[in-house]
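Shown below: target_17.cif, with mmCIF, C-alpha atoms.
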```cif
data_final
#
loop_
_atom_site.group_PDB
_atom_site.id
_atom_site.type_symbol
_atom_site.label_atom_id
_atom_site.label_comp_id
_atom_site.auth_asym_id
_atom_site.auth_seq_id
_atom_site.Cartn_x
_atom_site.Cartn_y
_atom_site.Cartn_z
ATOM 1 C CA MET M 1 -41.115 17.755 -24.572
ATOM 2 C CA ALA M 2 -38.856 18.639 -27.507
ATOM 3 C CA LYS M 3 -36.686 15.929 -29.009
ATOM 4 C CA ALA M 4 -33.240 15.930 -27.401
ATOM 5 C CA LYS M 5 -30.364 16.879 -29.686
ATOM 6 C CA LEU M 6 -26.674 16.261 -29.151
ATOM 7 C CA THR M 7 -24.957 19.624 -28.881
ATOM 8 C CA HIS M 8 -21.397 18.593 -29.668
ATOM 9 C CA LEU M 9 -22.059 17.755 -33.309
ATOM 10 C CA ASP M 10 -22.046 20.185 -36.211
ATOM 11 C CA ALA M 11 -24.582 20.186 -39.071
ATOM 12 C CA ARG M 12 -22.629 17.392 -40.806
ATOM 13 C CA GLY M 13 -22.556 15.234 -37.683
ATOM 14 C CA ARG M 14 -18.880 15.901 -36.950
ATOM 15 C CA PRO M 15 -17.587 16.626 -33.442
ATOM 16 C CA ALA M 16 -17.566 20.336 -32.587
ATOM 17 C CA MET M 17 -17.278 22.529 -29.522
ATOM 18 C CA VAL M 18 -20.507 24.397 -28.780
ATOM 19 C CA ASP M 19 -20.317 28.101 -29.655
ATOM 20 C CA VAL M 20 -21.466 29.887 -26.484
ATOM 21 C CA SER M 21 -20.681 33.422 -27.647
ATOM 22 C CA ALA M 22 -24.372 34.371 -28.015
ATOM 23 C CA LYS M 23 -25.358 33.053 -24.579
ATOM 24 C CA PRO M 24 -25.780 35.533 -21.734
ATOM 25 C CA VAL M 25 -23.241 35.645 -18.920
ATOM 26 C CA THR M 26 -25.063 34.414 -15.827
ATOM 27 C CA ALA M 27 -24.260 32.870 -12.458
ATOM 28 C CA ARG M 28 -23.920 29.117 -12.878
ATOM 29 C CA GLN M 29 -23.497 26.451 -10.257
ATOM 30 C CA ALA M 30 -23.502 22.672 -10.096
ATOM 31 C CA VAL M 31 -23.272 20.021 -7.405
ATOM 32 C CA ALA M 32 -22.120 16.457 -8.064
ATOM 33 C CA GLU M 33 -21.301 13.500 -5.888
ATOM 34 C CA CYS M 34 -19.254 10.351 -6.121
ATOM 35 C CA ARG M 35 -19.343 7.491 -3.652
ATOM 36 C CA LEU M 36 -16.572 5.114 -2.657
ATOM 37 C CA LYS M 37 -17.485 1.831 -0.987
ATOM 38 C CA PHE M 38 -14.863 0.163 1.178
ATOM 39 C CA PRO M 39 -14.676 -3.387 2.507
ATOM 40 C CA PRO M 40 -15.948 -3.145 6.127
ATOM 41 C CA ALA M 41 -12.521 -3.856 7.686
ATOM 42 C CA VAL M 42 -10.892 -1.116 5.585
ATOM 43 C CA ALA M 43 -13.602 1.407 6.511
ATOM 44 C CA ALA M 44 -13.092 0.552 10.184
ATOM 45 C CA ALA M 45 -9.317 0.971 9.869
ATOM 46 C CA LEU M 46 -9.733 4.342 8.152
ATOM 47 C CA ARG M 47 -12.158 5.582 10.793
ATOM 48 C CA LYS M 48 -9.775 4.453 13.539
ATOM 49 C CA SER M 49 -6.828 6.246 11.894
ATOM 50 C CA GLY M 50 -8.777 9.495 11.443
ATOM 51 C CA MET M 51 -8.726 8.991 7.645
ATOM 52 C CA SER M 52 -4.960 8.940 7.481
ATOM 53 C CA THR M 53 -2.708 6.428 5.732
ATOM 54 C CA ALA M 54 1.039 6.111 5.205
ATOM 55 C CA LYS M 55 0.525 8.443 2.212
ATOM 56 C CA GLY M 56 -0.975 11.180 4.411
ATOM 57 C CA ALA M 57 -4.310 12.820 5.189
ATOM 58 C CA VAL M 58 -6.751 11.102 2.835
ATOM 59 C CA VAL M 59 -9.622 13.614 2.794
ATOM 60 C CA ASP M 60 -7.422 16.722 2.635
ATOM 61 C CA THR M 61 -5.428 15.268 -0.256
ATOM 62 C CA ALA M 62 -8.621 14.268 -2.080
ATOM 63 C CA ILE M 63 -10.034 17.798 -1.733
ATOM 64 C CA ILE M 64 -6.851 19.317 -3.148
ATOM 65 C CA ALA M 65 -6.792 16.840 -6.056
ATOM 66 C CA GLY M 66 -10.491 17.403 -6.752
ATOM 67 C CA THR M 67 -10.026 21.174 -6.762
ATOM 68 C CA MET M 68 -7.123 20.880 -9.190
ATOM 69 C CA ALA M 69 -9.273 18.668 -11.433
ATOM 70 C CA VAL M 70 -12.133 21.191 -11.403
ATOM 71 C CA LYS M 71 -9.770 23.891 -12.649
ATOM 72 C CA ARG M 72 -8.382 21.615 -15.389
ATOM 73 C CA THR M 73 -11.574 19.965 -16.624
ATOM 74 C CA HIS M 74 -11.241 21.627 -20.026
ATOM 75 C CA GLU M 75 -7.860 19.891 -20.428
ATOM 76 C CA LEU M 76 -9.396 16.474 -19.724
ATOM 77 C CA ILE M 77 -12.769 16.607 -21.505
ATOM 78 C CA PRO M 78 -12.298 17.640 -25.153
ATOM 79 C CA PHE M 79 -15.299 19.946 -25.669
ATOM 80 C CA CYS M 80 -15.407 21.628 -22.267
ATOM 81 C CA HIS M 81 -14.706 25.352 -22.308
ATOM 82 C CA PRO M 82 -12.011 26.791 -20.044
ATOM 83 C CA LEU M 83 -13.912 28.593 -17.303
ATOM 84 C CA PRO M 84 -13.085 31.009 -14.526
ATOM 85 C CA ILE M 85 -13.942 29.099 -11.344
ATOM 86 C CA ASP M 86 -15.484 31.470 -8.808
ATOM 87 C CA GLY M 87 -15.920 28.857 -6.104
ATOM 88 C CA CYS M 88 -15.270 25.192 -5.412
ATOM 89 C CA ARG M 89 -16.245 23.403 -2.209
ATOM 90 C CA PHE M 90 -16.138 19.773 -1.118
ATOM 91 C CA ASP M 91 -18.098 17.936 1.507
ATOM 92 C CA VAL M 92 -16.718 14.503 2.393
ATOM 93 C CA ALA M 93 -18.573 12.345 4.903
ATOM 94 C CA TRP M 94 -19.373 8.750 5.713
ATOM 95 C CA SER M 95 -22.710 7.513 4.420
ATOM 96 C CA GLY M 96 -23.363 4.381 6.401
ATOM 97 C CA GLU M 97 -20.600 2.210 7.803
ATOM 98 C CA ALA M 98 -18.486 1.663 4.694
ATOM 99 C CA THR M 99 -19.373 4.262 2.037
ATOM 100 C CA LEU M 100 -17.630 7.610 1.698
ATOM 101 C CA ARG M 101 -19.704 10.304 -0.024
ATOM 102 C CA ILE M 102 -17.779 13.039 -1.822
ATOM 103 C CA GLU M 103 -19.771 16.078 -2.894
ATOM 104 C CA CYS M 104 -18.314 18.821 -5.079
ATOM 105 C CA ALA M 105 -20.039 22.199 -5.582
ATOM 106 C CA VAL M 106 -18.709 24.569 -8.253
ATOM 107 C CA ARG M 107 -19.677 28.149 -9.174
ATOM 108 C CA THR M 108 -18.858 30.428 -12.080
ATOM 109 C CA THR M 109 -20.247 33.498 -13.801
ATOM 110 C CA HIS M 110 -20.011 32.659 -17.475
ATOM 111 C CA ARG M 111 -21.868 31.640 -20.630
ATOM 112 C CA THR M 112 -21.782 27.900 -19.919
ATOM 113 C CA GLY M 113 -22.354 25.700 -16.906
ATOM 114 C CA VAL M 114 -20.065 23.830 -14.547
ATOM 115 C CA GLU M 115 -21.684 20.382 -14.434
ATOM 116 C CA MET M 116 -18.628 18.711 -15.933
ATOM 117 C CA GLU M 117 -16.350 20.535 -13.505
ATOM 118 C CA ALA M 118 -18.382 19.346 -10.501
ATOM 119 C CA LEU M 119 -18.484 15.764 -11.798
ATOM 120 C CA THR M 120 -14.762 15.814 -12.560
ATOM 121 C CA GLY M 121 -13.929 17.201 -9.116
ATOM 122 C CA ALA M 122 -15.997 14.584 -7.290
ATOM 123 C CA THR M 123 -14.648 11.656 -9.309
ATOM 124 C CA VAL M 124 -10.996 12.716 -9.158
ATOM 125 C CA ALA M 125 -11.346 13.171 -5.403
ATOM 126 C CA ALA M 126 -12.723 9.601 -5.204
ATOM 127 C CA LEU M 127 -9.870 8.309 -7.368
ATOM 128 C CA THR M 128 -7.429 10.020 -5.028
ATOM 129 C CA VAL M 129 -8.971 8.312 -1.995
ATOM 130 C CA TYR M 130 -8.692 4.995 -3.849
ATOM 131 C CA ASP M 131 -5.025 5.651 -4.616
ATOM 132 C CA MET M 132 -4.255 6.562 -1.029
ATOM 133 C CA CYS M 133 -6.055 3.488 0.356
ATOM 134 C CA LYS M 134 -5.204 0.787 -2.177
ATOM 135 C CA ALA M 135 -2.431 -0.571 0.056
ATOM 136 C CA LEU M 136 -5.249 -1.572 2.431
ATOM 137 C CA SER M 137 -7.387 -3.210 -0.280
ATOM 138 C CA HIS M 138 -8.099 -3.177 -3.996
ATOM 139 C CA ALA M 139 -11.702 -4.231 -3.317
ATOM 140 C CA MET M 140 -12.961 -0.637 -3.111
ATOM 141 C CA VAL M 141 -15.746 0.319 -5.524
ATOM 142 C CA ILE M 142 -16.022 3.821 -6.986
ATOM 143 C CA GLY M 143 -19.477 5.036 -7.950
ATOM 144 C CA PRO M 144 -22.017 5.973 -8.669
ATOM 145 C CA ALA M 145 -21.012 9.453 -9.724
ATOM 146 C CA ARG M 146 -23.919 11.728 -10.521
ATOM 147 C CA LEU M 147 -25.060 15.298 -10.962
ATOM 148 C CA LEU M 148 -27.231 16.365 -8.035
ATOM 149 C CA ALA M 149 -28.116 19.889 -9.144
ATOM 150 C CA LYS M 150 -27.361 22.684 -11.569
ATOM 151 C CA ARG M 151 -28.533 26.278 -11.631
ATOM 152 C CA GLY M 152 -28.223 28.902 -14.347
ATOM 153 C CA GLY M 153 -28.560 28.581 -18.077
ATOM 154 C CA LYS M 154 -31.611 27.172 -19.904
ATOM 155 C CA ARG M 155 -32.880 24.882 -17.162
ATOM 156 C CA ASP M 156 -32.315 24.095 -13.530
ATOM 157 C CA VAL M 157 -31.943 20.519 -12.358
ATOM 158 C CA GLY M 158 -32.198 18.986 -8.875
ATOM 159 C CA LYS M 159 -32.085 20.583 -5.450
ATOM 160 C CA ALA M 160 -30.886 24.123 -4.869
ATOM 161 C CA ALA M 161 -27.126 24.344 -5.059
ATOM 162 C CA PRO M 162 -25.362 25.819 -2.010
#
```
Once you've parsed the file, please lay out its structure as structure tokens.
Amino acid sequence: MAKAKLTHLDARGRPAMVDVSAKPVTARQAVAECRLKFPPAVAAALRKSGMSTAKGAVVDTAIIAGTMAVKRTHELIPFCHPLPIDGCRFDVAWSGEATLRIECAVRTTHRTGVEMEALTGATVAALTVYDMCKALSHAMVIGPARLLAKRGGKRDVGKAAP
């Protein structure tokens, strides 16, 4: 295995955006997830309410916020390239009694991947759920957030993306 090298540093070790102009345009996709653990009583209350709070429909709002974050990742993470987003899908479901699993799948056809977009979408969606539910409790725990898969580019990682 070749020694890993940080890509966002120039020859002098200074921060630099990666030049992707020589890379081929290919289909790229990534899937990330973020989990949100609730105190059991809060999870029960949310299930009973159909995932609605005084602020509105929790899951629908989180999906909208996550989608907006995907499209603005380059504005939040300094060395991310602005990308045309060809597709963005969320899957939000309970994992066990008190953990909400938020999965974000992103697609583009470009010279660079969408891992950061998928991670940003999943985590901003989780932050939105936290914001909408904090009146019920501040004892929620966000994380872990992780990349599940990526396709396209130099190497594929994880399971096949949808």
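Taking CA of Pro40 in chain M and CA of Trp94 in chain M as the two end points, the separation is 12.4 Å.
Minimum atom-to-atom distance to Met132 in chain M, evaluated using only C-alpha atoms, belongs to M:Asp60 out of M:Asp19, M:Asp10, M:Glu97, M:Asp60.
Put simply, CA of Gly158 in chain M is 17.5 Å away from CA of Asp91 in chain M.
Proximity to Tyr130 in chain M at 9 Å, evaluated using all atoms listed in the file and with sequence-adjacent residues fewer than 6 positions away removed, yields Leu36, His138, Met140, Val141 and Ile142 of chain M.
Close contacts of Ile63 in chain M, defined as residues with an atom at most 7 Å away when counting only C-alpha atoms, with chain neighbours fewer than 3 positions off set aside, comprise M:Val59, M:Asp60, M:Gly66, M:Thr67, M:Phe90, M:Ala125.
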Which residues are near Leu46 in chain M? Cut-off 12 Å, all atoms listed in the file, ignore same chain within fewer than 5 positions. Put them as a list in words. Phe38, Pro39, Pro40, Ala41, Met51, Ser52, Thr53, Ala54, Gly56, Ala57, Val58, Val59, Trp94, Glu97, Ala98, Thr99, Leu100, Val129, Met132, Cys133, Lys134, Ala135, Leu136 and Ser137 of chain M
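Here CA of Val42 in chain M is placed at a distance of 15.3 Å from CA of Ala126 in chain M.
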Kindly indicate which residue among M:Ala139, M:Leu76, M:Val25, M:Ala11 lies nearest to Thr120 in chain M, using only C-alpha atoms for the distances. M:Leu76
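Using all atoms listed in the file for every distance, the candidate list M:Pro15, M:Pro84, M:Pro144, M:Gly50 yields M:Pro84 as the residue closest to Gly113 in chain M.
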Quick test: take range 98-126 of chain M, keep N, CA and C atoms, and write it as an mmCIF file, in the first residue's frame.
```cif
data_model
loop_
_atom_site.group_PDB
_atom_site.id
_atom_site.type_symbol
_atom_site.label_atom_id
_atom_site.label_comp_id
_atom_site.auth_asym_id
_atom_site.auth_seq_id
_atom_site.Cartn_x
_atom_site.Cartn_y
_atom_site.Cartn_z
ATOM 1 N N ALA M 98 -34.541 3.936 20.292
ATOM 2 C CA ALA M 98 -34.283 5.349 20.581
ATOM 3 C C ALA M 98 -33.245 6.004 19.676
ATOM 4 N N THR M 99 -32.871 5.352 18.584
ATOM 5 C CA THR M 99 -31.863 5.918 17.680
ATOM 6 C C THR M 99 -32.471 6.142 16.302
ATOM 7 N N LEU M 100 -32.340 7.354 15.811
ATOM 8 C CA LEU M 100 -32.801 7.702 14.471
ATOM 9 C C LEU M 100 -31.589 7.660 13.545
ATOM 10 N N ARG M 101 -31.723 6.914 12.456
ATOM 11 C CA ARG M 101 -30.645 6.784 11.465
ATOM 12 C C ARG M 101 -31.007 7.624 10.251
ATOM 13 N N ILE M 102 -30.104 8.530 9.888
ATOM 14 C CA ILE M 102 -30.322 9.411 8.742
ATOM 15 C C ILE M 102 -29.270 9.076 7.695
ATOM 16 N N GLU M 103 -29.726 8.603 6.547
ATOM 17 C CA GLU M 103 -28.814 8.261 5.461
ATOM 18 C C GLU M 103 -29.010 9.251 4.324
ATOM 19 N N CYS M 104 -27.905 9.710 3.765
ATOM 20 C CA CYS M 104 -27.932 10.664 2.655
ATOM 21 C C CYS M 104 -27.123 10.088 1.499
ATOM 22 N N ALA M 105 -27.750 9.968 0.329
ATOM 23 C CA ALA M 105 -27.089 9.486 -0.886
ATOM 24 C C ALA M 105 -27.051 10.625 -1.900
ATOM 25 N N VAL M 106 -25.867 10.879 -2.448
ATOM 26 C CA VAL M 106 -25.679 12.000 -3.379
ATOM 27 C C VAL M 106 -25.003 11.490 -4.646
ATOM 28 N N ARG M 107 -25.431 12.047 -5.788
ATOM 29 C CA ARG M 107 -24.853 11.692 -7.097
ATOM 30 C C ARG M 107 -24.452 12.960 -7.851
ATOM 31 N N THR M 108 -23.383 12.823 -8.627
ATOM 32 C CA THR M 108 -22.984 13.867 -9.563
ATOM 33 C C THR M 108 -22.246 13.211 -10.722
ATOM 34 N N THR M 109 -22.103 13.940 -11.799
ATOM 35 C CA THR M 109 -21.199 13.560 -12.886
ATOM 36 C C THR M 109 -20.206 14.698 -12.982
ATOM 37 N N HIS M 110 -18.994 14.437 -12.497
ATOM 38 C CA HIS M 110 -18.005 15.508 -12.378
ATOM 39 C C HIS M 110 -16.617 14.912 -12.227
ATOM 40 N N ARG M 111 -15.646 15.777 -11.962
ATOM 41 C CA ARG M 111 -14.249 15.366 -11.816
ATOM 42 C C ARG M 111 -13.861 15.027 -10.377
ATOM 43 N N THR M 112 -14.758 15.266 -9.436
ATOM 44 C CA THR M 112 -14.454 14.997 -8.032
ATOM 45 C C THR M 112 -15.694 14.423 -7.355
ATOM 46 N N GLY M 113 -15.470 13.732 -6.266
ATOM 47 C CA GLY M 113 -16.542 12.989 -5.614
ATOM 48 C C GLY M 113 -17.436 13.814 -4.713
ATOM 49 N N VAL M 114 -18.440 13.149 -4.163
ATOM 50 C CA VAL M 114 -19.457 13.812 -3.348
ATOM 51 C C VAL M 114 -19.513 13.260 -1.913
ATOM 52 N N GLU M 115 -18.391 12.740 -1.423
ATOM 53 C CA GLU M 115 -18.367 12.243 -0.050
ATOM 54 C C GLU M 115 -18.697 13.347 0.947
ATOM 55 N N MET M 116 -18.080 14.498 0.770
ATOM 56 C CA MET M 116 -18.304 15.595 1.720
ATOM 57 C C MET M 116 -19.743 16.091 1.648
ATOM 58 N N GLU M 117 -20.328 16.067 0.466
ATOM 59 C CA GLU M 117 -21.723 16.478 0.325
ATOM 60 C C GLU M 117 -22.645 15.513 1.068
ATOM 61 N N ALA M 118 -22.406 14.214 0.933
ATOM 62 C CA ALA M 118 -23.235 13.222 1.620
ATOM 63 C C ALA M 118 -23.077 13.340 3.138
ATOM 64 N N LEU M 119 -21.858 13.498 3.602
ATOM 65 C CA LEU M 119 -21.619 13.657 5.043
ATOM 66 C C LEU M 119 -22.254 14.942 5.573
ATOM 67 N N THR M 120 -22.134 16.013 4.820
ATOM 68 C CA THR M 120 -22.724 17.286 5.229
ATOM 69 C C THR M 120 -24.244 17.181 5.272
ATOM 70 N N GLY M 121 -24.838 16.565 4.265
ATOM 71 C CA GLY M 121 -26.291 16.402 4.245
ATOM 72 C C GLY M 121 -26.799 15.609 5.434
ATOM 73 N N ALA M 122 -26.150 14.487 5.728
ATOM 74 C CA ALA M 122 -26.585 13.640 6.842
ATOM 75 C C ALA M 122 -26.436 14.357 8.181
ATOM 76 N N THR M 123 -25.324 15.059 8.370
ATOM 77 C CA THR M 123 -25.106 15.712 9.669
ATOM 78 C C THR M 123 -25.985 16.939 9.851
ATOM 79 N N VAL M 124 -26.205 17.710 8.808
ATOM 80 C CA VAL M 124 -27.097 18.870 8.934
ATOM 81 C C VAL M 124 -28.539 18.406 9.161
ATOM 82 N N ALA M 125 -28.930 17.317 8.532
ATOM 83 C CA ALA M 125 -30.262 16.774 8.806
ATOM 84 C C ALA M 125 -30.374 16.382 10.282
ATOM 85 N N ALA M 126 -29.337 15.743 10.831
ATOM 86 C CA ALA M 126 -29.348 15.372 12.252
ATOM 87 C C ALA M 126 -29.384 16.612 13.148
#
```
